[in-house]
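Structure data (mmCIF, N, CA and C atoms, pLDDT in the B column; chains and numbers go by the auth columns) from run28.cif:
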```cif
data_final
loop_
_atom_site.group_PDB
_atom_site.id
_atom_site.type_symbol
_atom_site.label_atom_id
_atom_site.label_comp_id
_atom_site.label_asym_id
_atom_site.label_seq_id
_atom_site.Cartn_x
_atom_site.Cartn_y
_atom_site.Cartn_z
_atom_site.B_iso_or_equiv
_atom_site.auth_seq_id
_atom_site.auth_asym_id
ATOM 1 N N MET A 1 43.632 -24.189 47.268 69.00 1 A
ATOM 2 C CA MET A 1 42.248 -23.871 47.104 69.00 1 A
ATOM 3 C C MET A 1 41.436 -24.719 48.063 69.00 1 A
ATOM 4 N N GLY A 2 40.400 -24.145 48.651 79.00 2 A
ATOM 5 C CA GLY A 2 39.598 -24.849 49.637 79.00 2 A
ATOM 6 C C GLY A 2 38.214 -25.183 49.117 79.00 2 A
ATOM 7 N N VAL A 3 37.516 -25.948 49.896 85.00 3 A
ATOM 8 C CA VAL A 3 36.147 -26.325 49.584 85.00 3 A
ATOM 9 C C VAL A 3 35.231 -25.438 50.412 85.00 3 A
ATOM 10 N N VAL A 4 34.186 -24.928 49.773 84.00 4 A
ATOM 11 C CA VAL A 4 33.225 -24.073 50.453 84.00 4 A
ATOM 12 C C VAL A 4 31.873 -24.757 50.428 84.00 4 A
ATOM 13 N N ARG A 5 31.235 -24.806 51.566 90.00 5 A
ATOM 14 C CA ARG A 5 29.898 -25.401 51.665 90.00 5 A
ATOM 15 C C ARG A 5 28.873 -24.281 51.608 90.00 5 A
ATOM 16 N N ILE A 6 27.899 -24.414 50.715 91.00 6 A
ATOM 17 C CA ILE A 6 26.842 -23.414 50.632 91.00 6 A
ATOM 18 C C ILE A 6 25.506 -24.076 50.945 91.00 6 A
ATOM 19 N N ASP A 7 24.561 -23.272 51.335 95.00 7 A
ATOM 20 C CA ASP A 7 23.218 -23.726 51.687 95.00 7 A
ATOM 21 C C ASP A 7 22.569 -24.451 50.507 95.00 7 A
ATOM 22 N N ASP A 8 21.849 -25.544 50.781 96.00 8 A
ATOM 23 C CA ASP A 8 21.220 -26.336 49.719 96.00 8 A
ATOM 24 C C ASP A 8 20.234 -25.516 48.891 96.00 8 A
ATOM 25 N N GLY A 9 19.462 -24.664 49.539 97.00 9 A
ATOM 26 C CA GLY A 9 18.502 -23.821 48.822 97.00 9 A
ATOM 27 C C GLY A 9 19.207 -22.825 47.909 97.00 9 A
ATOM 28 N N LEU A 10 20.271 -22.251 48.409 95.00 10 A
ATOM 29 C CA LEU A 10 21.049 -21.308 47.615 95.00 10 A
ATOM 30 C C LEU A 10 21.682 -22.013 46.417 95.00 10 A
ATOM 31 N N GLU A 11 22.157 -23.226 46.636 95.00 11 A
ATOM 32 C CA GLU A 11 22.764 -23.988 45.548 95.00 11 A
ATOM 33 C C GLU A 11 21.742 -24.270 44.436 95.00 11 A
ATOM 34 N N LYS A 12 20.533 -24.594 44.806 96.00 12 A
ATOM 35 C CA LYS A 12 19.473 -24.838 43.813 96.00 12 A
ATOM 36 C C LYS A 12 19.159 -23.573 43.032 96.00 12 A
ATOM 37 N N ASP A 13 19.129 -22.430 43.739 96.00 13 A
ATOM 38 C CA ASP A 13 18.883 -21.151 43.066 96.00 13 A
ATOM 39 C C ASP A 13 19.997 -20.831 42.073 96.00 13 A
ATOM 40 N N ILE A 14 21.238 -21.088 42.464 95.00 14 A
ATOM 41 C CA ILE A 14 22.383 -20.844 41.581 95.00 14 A
ATOM 42 C C ILE A 14 22.307 -21.746 40.355 95.00 14 A
ATOM 43 N N GLU A 15 22.010 -23.020 40.570 95.00 15 A
ATOM 44 C CA GLU A 15 21.897 -23.956 39.448 95.00 15 A
ATOM 45 C C GLU A 15 20.816 -23.508 38.466 95.00 15 A
ATOM 46 N N ALA A 16 19.675 -23.063 38.985 96.00 16 A
ATOM 47 C CA ALA A 16 18.596 -22.593 38.114 96.00 16 A
ATOM 48 C C ALA A 16 19.039 -21.365 37.327 96.00 16 A
ATOM 49 N N LEU A 17 19.765 -20.470 37.980 95.00 17 A
ATOM 50 C CA LEU A 17 20.219 -19.249 37.311 95.00 17 A
ATOM 51 C C LEU A 17 21.221 -19.543 36.204 95.00 17 A
ATOM 52 N N ILE A 18 22.182 -20.422 36.460 95.00 18 A
ATOM 53 C CA ILE A 18 23.213 -20.668 35.443 95.00 18 A
ATOM 54 C C ILE A 18 22.702 -21.549 34.307 95.00 18 A
ATOM 55 N N LYS A 19 21.564 -22.224 34.499 94.00 19 A
ATOM 56 C CA LYS A 19 20.992 -23.040 33.428 94.00 19 A
ATOM 57 C C LYS A 19 20.189 -22.221 32.426 94.00 19 A
ATOM 58 N N ARG A 20 19.874 -20.978 32.772 95.00 20 A
ATOM 59 C CA ARG A 20 19.134 -20.113 31.846 95.00 20 A
ATOM 60 C C ARG A 20 19.982 -19.868 30.605 95.00 20 A
ATOM 61 N N SER A 21 19.324 -19.833 29.472 94.00 21 A
ATOM 62 C CA SER A 21 20.059 -19.721 28.202 94.00 21 A
ATOM 63 C C SER A 21 20.929 -18.464 28.134 94.00 21 A
ATOM 64 N N GLU A 22 20.474 -17.354 28.709 94.00 22 A
ATOM 65 C CA GLU A 22 21.264 -16.123 28.638 94.00 22 A
ATOM 66 C C GLU A 22 22.479 -16.147 29.566 94.00 22 A
ATOM 67 N N ASN A 23 22.518 -17.077 30.513 93.00 23 A
ATOM 68 C CA ASN A 23 23.639 -17.160 31.453 93.00 23 A
ATOM 69 C C ASN A 23 24.561 -18.348 31.200 93.00 23 A
ATOM 70 N N ARG A 24 24.221 -19.176 30.263 90.00 24 A
ATOM 71 C CA ARG A 24 24.942 -20.427 30.030 90.00 24 A
ATOM 72 C C ARG A 24 26.430 -20.207 29.746 90.00 24 A
ATOM 73 N N PHE A 25 26.782 -19.184 28.989 93.00 25 A
ATOM 74 C CA PHE A 25 28.183 -18.950 28.637 93.00 25 A
ATOM 75 C C PHE A 25 28.890 -18.042 29.641 93.00 25 A
ATOM 76 N N LYS A 26 28.138 -17.138 30.247 92.00 26 A
ATOM 77 C CA LYS A 26 28.733 -16.245 31.237 92.00 26 A
ATOM 78 C C LYS A 26 29.105 -17.011 32.507 92.00 26 A
ATOM 79 N N TYR A 27 28.239 -17.948 32.904 94.00 27 A
ATOM 80 C CA TYR A 27 28.471 -18.757 34.105 94.00 27 A
ATOM 81 C C TYR A 27 28.411 -20.238 33.732 94.00 27 A
ATOM 82 N N PRO A 28 29.496 -20.795 33.232 93.00 28 A
ATOM 83 C CA PRO A 28 29.470 -22.198 32.793 93.00 28 A
ATOM 84 C C PRO A 28 29.398 -23.212 33.937 93.00 28 A
ATOM 85 N N SER A 29 29.655 -22.779 35.170 93.00 29 A
ATOM 86 C CA SER A 29 29.608 -23.694 36.308 93.00 29 A
ATOM 87 C C SER A 29 29.302 -22.909 37.577 93.00 29 A
ATOM 88 N N LYS A 30 28.961 -23.630 38.641 92.00 30 A
ATOM 89 C CA LYS A 30 28.708 -22.973 39.930 92.00 30 A
ATOM 90 C C LYS A 30 29.977 -22.281 40.427 92.00 30 A
ATOM 91 N N THR A 31 31.108 -22.921 40.222 91.00 31 A
ATOM 92 C CA THR A 31 32.372 -22.332 40.665 91.00 31 A
ATOM 93 C C THR A 31 32.642 -21.020 39.931 91.00 31 A
ATOM 94 N N ALA A 32 32.444 -21.012 38.619 93.00 32 A
ATOM 95 C CA ALA A 32 32.653 -19.788 37.841 93.00 32 A
ATOM 96 C C ALA A 32 31.681 -18.703 38.300 93.00 32 A
ATOM 97 N N PHE A 33 30.433 -19.077 38.525 94.00 33 A
ATOM 98 C CA PHE A 33 29.427 -18.126 38.998 94.00 33 A
ATOM 99 C C PHE A 33 29.868 -17.484 40.310 94.00 33 A
ATOM 100 N N LEU A 34 30.237 -18.311 41.274 93.00 34 A
ATOM 101 C CA LEU A 34 30.641 -17.783 42.570 93.00 34 A
ATOM 102 C C LEU A 34 31.893 -16.914 42.470 93.00 34 A
ATOM 103 N N ASN A 35 32.859 -17.329 41.663 94.00 35 A
ATOM 104 C CA ASN A 35 34.073 -16.525 41.491 94.00 35 A
ATOM 105 C C ASN A 35 33.751 -15.157 40.906 94.00 35 A
ATOM 106 N N ILE A 36 32.921 -15.118 39.879 95.00 36 A
ATOM 107 C CA ILE A 36 32.575 -13.854 39.225 95.00 36 A
ATOM 108 C C ILE A 36 31.769 -12.959 40.155 95.00 36 A
ATOM 109 N N ILE A 37 30.744 -13.516 40.790 95.00 37 A
ATOM 110 C CA ILE A 37 29.885 -12.727 41.670 95.00 37 A
ATOM 111 C C ILE A 37 30.669 -12.180 42.860 95.00 37 A
ATOM 112 N N LEU A 38 31.470 -13.017 43.484 95.00 38 A
ATOM 113 C CA LEU A 38 32.244 -12.566 44.644 95.00 38 A
ATOM 114 C C LEU A 38 33.308 -11.545 44.256 95.00 38 A
ATOM 115 N N SER A 39 33.940 -11.740 43.111 97.00 39 A
ATOM 116 C CA SER A 39 34.933 -10.786 42.645 97.00 39 A
ATOM 117 C C SER A 39 34.294 -9.425 42.377 97.00 39 A
ATOM 118 N N ASP A 40 33.146 -9.416 41.712 96.00 40 A
ATOM 119 C CA ASP A 40 32.429 -8.162 41.452 96.00 40 A
ATOM 120 C C ASP A 40 32.019 -7.472 42.751 96.00 40 A
ATOM 121 N N TYR A 41 31.519 -8.258 43.694 97.00 41 A
ATOM 122 C CA TYR A 41 31.082 -7.712 44.979 97.00 41 A
ATOM 123 C C TYR A 41 32.254 -7.093 45.739 97.00 41 A
ATOM 124 N N LEU A 42 33.357 -7.818 45.820 97.00 42 A
ATOM 125 C CA LEU A 42 34.515 -7.311 46.549 97.00 42 A
ATOM 126 C C LEU A 42 35.127 -6.088 45.868 97.00 42 A
ATOM 127 N N SER A 43 35.131 -6.073 44.541 96.00 43 A
ATOM 128 C CA SER A 43 35.637 -4.899 43.815 96.00 43 A
ATOM 129 C C SER A 43 34.779 -3.675 44.103 96.00 43 A
ATOM 130 N N ALA A 44 33.464 -3.855 44.118 96.00 44 A
ATOM 131 C CA ALA A 44 32.555 -2.748 44.405 96.00 44 A
ATOM 132 C C ALA A 44 32.759 -2.234 45.834 96.00 44 A
ATOM 133 N N LYS A 45 32.941 -3.144 46.786 94.00 45 A
ATOM 134 C CA LYS A 45 33.175 -2.749 48.166 94.00 45 A
ATOM 135 C C LYS A 45 34.481 -1.978 48.296 94.00 45 A
ATOM 136 N N LYS A 46 35.507 -2.442 47.577 94.00 46 A
ATOM 137 C CA LYS A 46 36.810 -1.777 47.634 94.00 46 A
ATOM 138 C C LYS A 46 36.715 -0.366 47.047 94.00 46 A
ATOM 139 N N LYS A 47 36.025 -0.219 45.913 92.00 47 A
ATOM 140 C CA LYS A 47 35.863 1.105 45.303 92.00 47 A
ATOM 141 C C LYS A 47 35.078 2.031 46.212 92.00 47 A
ATOM 142 N N LYS A 48 34.044 1.502 46.848 90.00 48 A
ATOM 143 C CA LYS A 48 33.224 2.306 47.742 90.00 48 A
ATOM 144 C C LYS A 48 34.031 2.784 48.942 90.00 48 A
ATOM 145 N N LYS A 49 34.910 1.925 49.421 87.00 49 A
ATOM 146 C CA LYS A 49 35.740 2.265 50.584 87.00 49 A
ATOM 147 C C LYS A 49 36.773 3.332 50.219 87.00 49 A
ATOM 148 N N GLU A 50 37.270 3.322 48.981 82.00 50 A
ATOM 149 C CA GLU A 50 38.283 4.287 48.538 82.00 50 A
ATOM 150 C C GLU A 50 37.704 5.676 48.350 82.00 50 A
ATOM 151 N N VAL A 51 36.420 5.771 48.093 71.00 51 A
ATOM 152 C CA VAL A 51 35.789 7.075 47.817 71.00 51 A
ATOM 153 C C VAL A 51 35.472 7.809 49.064 71.00 51 A
#
```

Reformat the file's structure so that it appears as structure tokens.
Amino acid sequence: MGVVRIDDGLEKDIEALIKRSENRFKYPSKTAFLNIILSDYLSAKKKKKEV
């Protein structure tokens, strides 16, 4: 597993999003957030390409 550097502004936006009460359990950490969001994005791209 590697380390990924993200923009400081983007990191602050992510932290604010995952601290919201409705997102606290869905995204318990920045790593979980990025994994879920990227997985959803790539799955959608793959489905779109297959159609």

ask   = With distances taken over all atoms listed in the file, which of A:Leu10, A:Ile18, A:Arg5, A:Lys48 is nearest to A:Phe33?
value =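 When distances to A:Phe33 are compared using all atoms listed in the file, the smallest one comes from A:Ile18.
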
key: Spatial neighbours of A:Pro28, max dist 12 Å, only C-alpha atoms, sep filter under 6 positions, as a ChimeraX atom specification   = /A:14-15,17-22,34-36

Write out as a compact mmCIF listing (two decimals) with N, CA and C atoms, in the coordinates of the input all residues of chain A that DSSP puts in helix (DSSP H, G or I) for this structure's backbone.
```
# COMPACT_ATOMS: atom_id res chain seq x y z
N ASP A 8 21.85 -25.54 50.78
CA ASP A 8 21.22 -26.34 49.72
C ASP A 8 20.23 -25.52 48.89
N GLY A 9 19.46 -24.66 49.54
CA GLY A 9 18.50 -23.82 48.82
C GLY A 9 19.21 -22.82 47.91
N LEU A 10 20.27 -22.25 48.41
CA LEU A 10 21.05 -21.31 47.62
C LEU A 10 21.68 -22.01 46.42
N GLU A 11 22.16 -23.23 46.64
CA GLU A 11 22.76 -23.99 45.55
C GLU A 11 21.74 -24.27 44.44
N LYS A 12 20.53 -24.59 44.81
CA LYS A 12 19.47 -24.84 43.81
C LYS A 12 19.16 -23.57 43.03
N ASP A 13 19.13 -22.43 43.74
CA ASP A 13 18.88 -21.15 43.07
C ASP A 13 20.00 -20.83 42.07
N ILE A 14 21.24 -21.09 42.46
CA ILE A 14 22.38 -20.84 41.58
C ILE A 14 22.31 -21.75 40.35
N GLU A 15 22.01 -23.02 40.57
CA GLU A 15 21.90 -23.96 39.45
C GLU A 15 20.82 -23.51 38.47
N ALA A 16 19.68 -23.06 38.98
CA ALA A 16 18.60 -22.59 38.11
C ALA A 16 19.04 -21.36 37.33
N LEU A 17 19.76 -20.47 37.98
CA LEU A 17 20.22 -19.25 37.31
C LEU A 17 21.22 -19.54 36.20
N ILE A 18 22.18 -20.42 36.46
CA ILE A 18 23.21 -20.67 35.44
C ILE A 18 22.70 -21.55 34.31
N LYS A 19 21.56 -22.22 34.50
CA LYS A 19 20.99 -23.04 33.43
C LYS A 19 20.19 -22.22 32.43
N LYS A 30 28.96 -23.63 38.64
CA LYS A 30 28.71 -22.97 39.93
C LYS A 30 29.98 -22.28 40.43
N THR A 31 31.11 -22.92 40.22
CA THR A 31 32.37 -22.33 40.66
C THR A 31 32.64 -21.02 39.93
N ALA A 32 32.44 -21.01 38.62
CA ALA A 32 32.65 -19.79 37.84
C ALA A 32 31.68 -18.70 38.30
N PHE A 33 30.43 -19.08 38.52
CA PHE A 33 29.43 -18.13 39.00
C PHE A 33 29.87 -17.48 40.31
N LEU A 34 30.24 -18.31 41.27
CA LEU A 34 30.64 -17.78 42.57
C LEU A 34 31.89 -16.91 42.47
N ASN A 35 32.86 -17.33 41.66
CA ASN A 35 34.07 -16.52 41.49
C ASN A 35 33.75 -15.16 40.91
N ILE A 36 32.92 -15.12 39.88
CA ILE A 36 32.58 -13.85 39.22
C ILE A 36 31.77 -12.96 40.16
N ILE A 37 30.74 -13.52 40.79
CA ILE A 37 29.88 -12.73 41.67
C ILE A 37 30.67 -12.18 42.86
N LEU A 38 31.47 -13.02 43.48
CA LEU A 38 32.24 -12.57 44.64
C LEU A 38 33.31 -11.54 44.26
N SER A 39 33.94 -11.74 43.11
CA SER A 39 34.93 -10.79 42.64
C SER A 39 34.29 -9.43 42.38
N ASP A 40 33.15 -9.42 41.71
CA ASP A 40 32.43 -8.16 41.45
C ASP A 40 32.02 -7.47 42.75
N TYR A 41 31.52 -8.26 43.69
CA TYR A 41 31.08 -7.71 44.98
C TYR A 41 32.25 -7.09 45.74
N LEU A 42 33.36 -7.82 45.82
CA LEU A 42 34.52 -7.31 46.55
C LEU A 42 35.13 -6.09 45.87
N SER A 43 35.13 -6.07 44.54
CA SER A 43 35.64 -4.90 43.82
C SER A 43 34.78 -3.68 44.10
N ALA A 44 33.46 -3.86 44.12
CA ALA A 44 32.56 -2.75 44.40
C ALA A 44 32.76 -2.23 45.83
N LYS A 45 32.94 -3.14 46.79
CA LYS A 45 33.17 -2.75 48.17
C LYS A 45 34.48 -1.98 48.30
N LYS A 46 35.51 -2.44 47.58
CA LYS A 46 36.81 -1.78 47.63
C LYS A 46 36.72 -0.37 47.05
N LYS A 47 36.02 -0.22 45.91
CA LYS A 47 35.86 1.10 45.30
C LYS A 47 35.08 2.03 46.21
N LYS A 48 34.04 1.50 46.85
CA LYS A 48 33.22 2.31 47.74
C LYS A 48 34.03 2.78 48.94
N LYS A 49 34.91 1.92 49.42
CA LYS A 49 35.74 2.26 50.58
C LYS A 49 36.77 3.33 50.22
N GLU A 50 37.27 3.32 48.98
CA GLU A 50 38.28 4.29 48.54
C GLU A 50 37.70 5.68 48.35
```

Which centre and edge lengths in Å to one decimal define the box along x, y and z that fits every listed atom of stretch 22-39 of chain A plus 6 Å per side, as lines of an AutoDock Vina configuration file?
```
center_x = 27.7
center_y = -16.6
center_z = 36.6
size_x = 26.5
size_y = 26.3
size_z = 28.0
```

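We find atom N of A:Gly9 and atom CA of A:Lys46 to be spaced 28.8 Å apart.
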
note = note - atom C of A:Gly2 and atom C of A:Lys30 are separated by 12.3 Å

request  = Have a look at atom C of A:Leu42 and atom N of A:Phe25 and let me know their distance in Å, one decimal.
outcome  = 22.9 Å
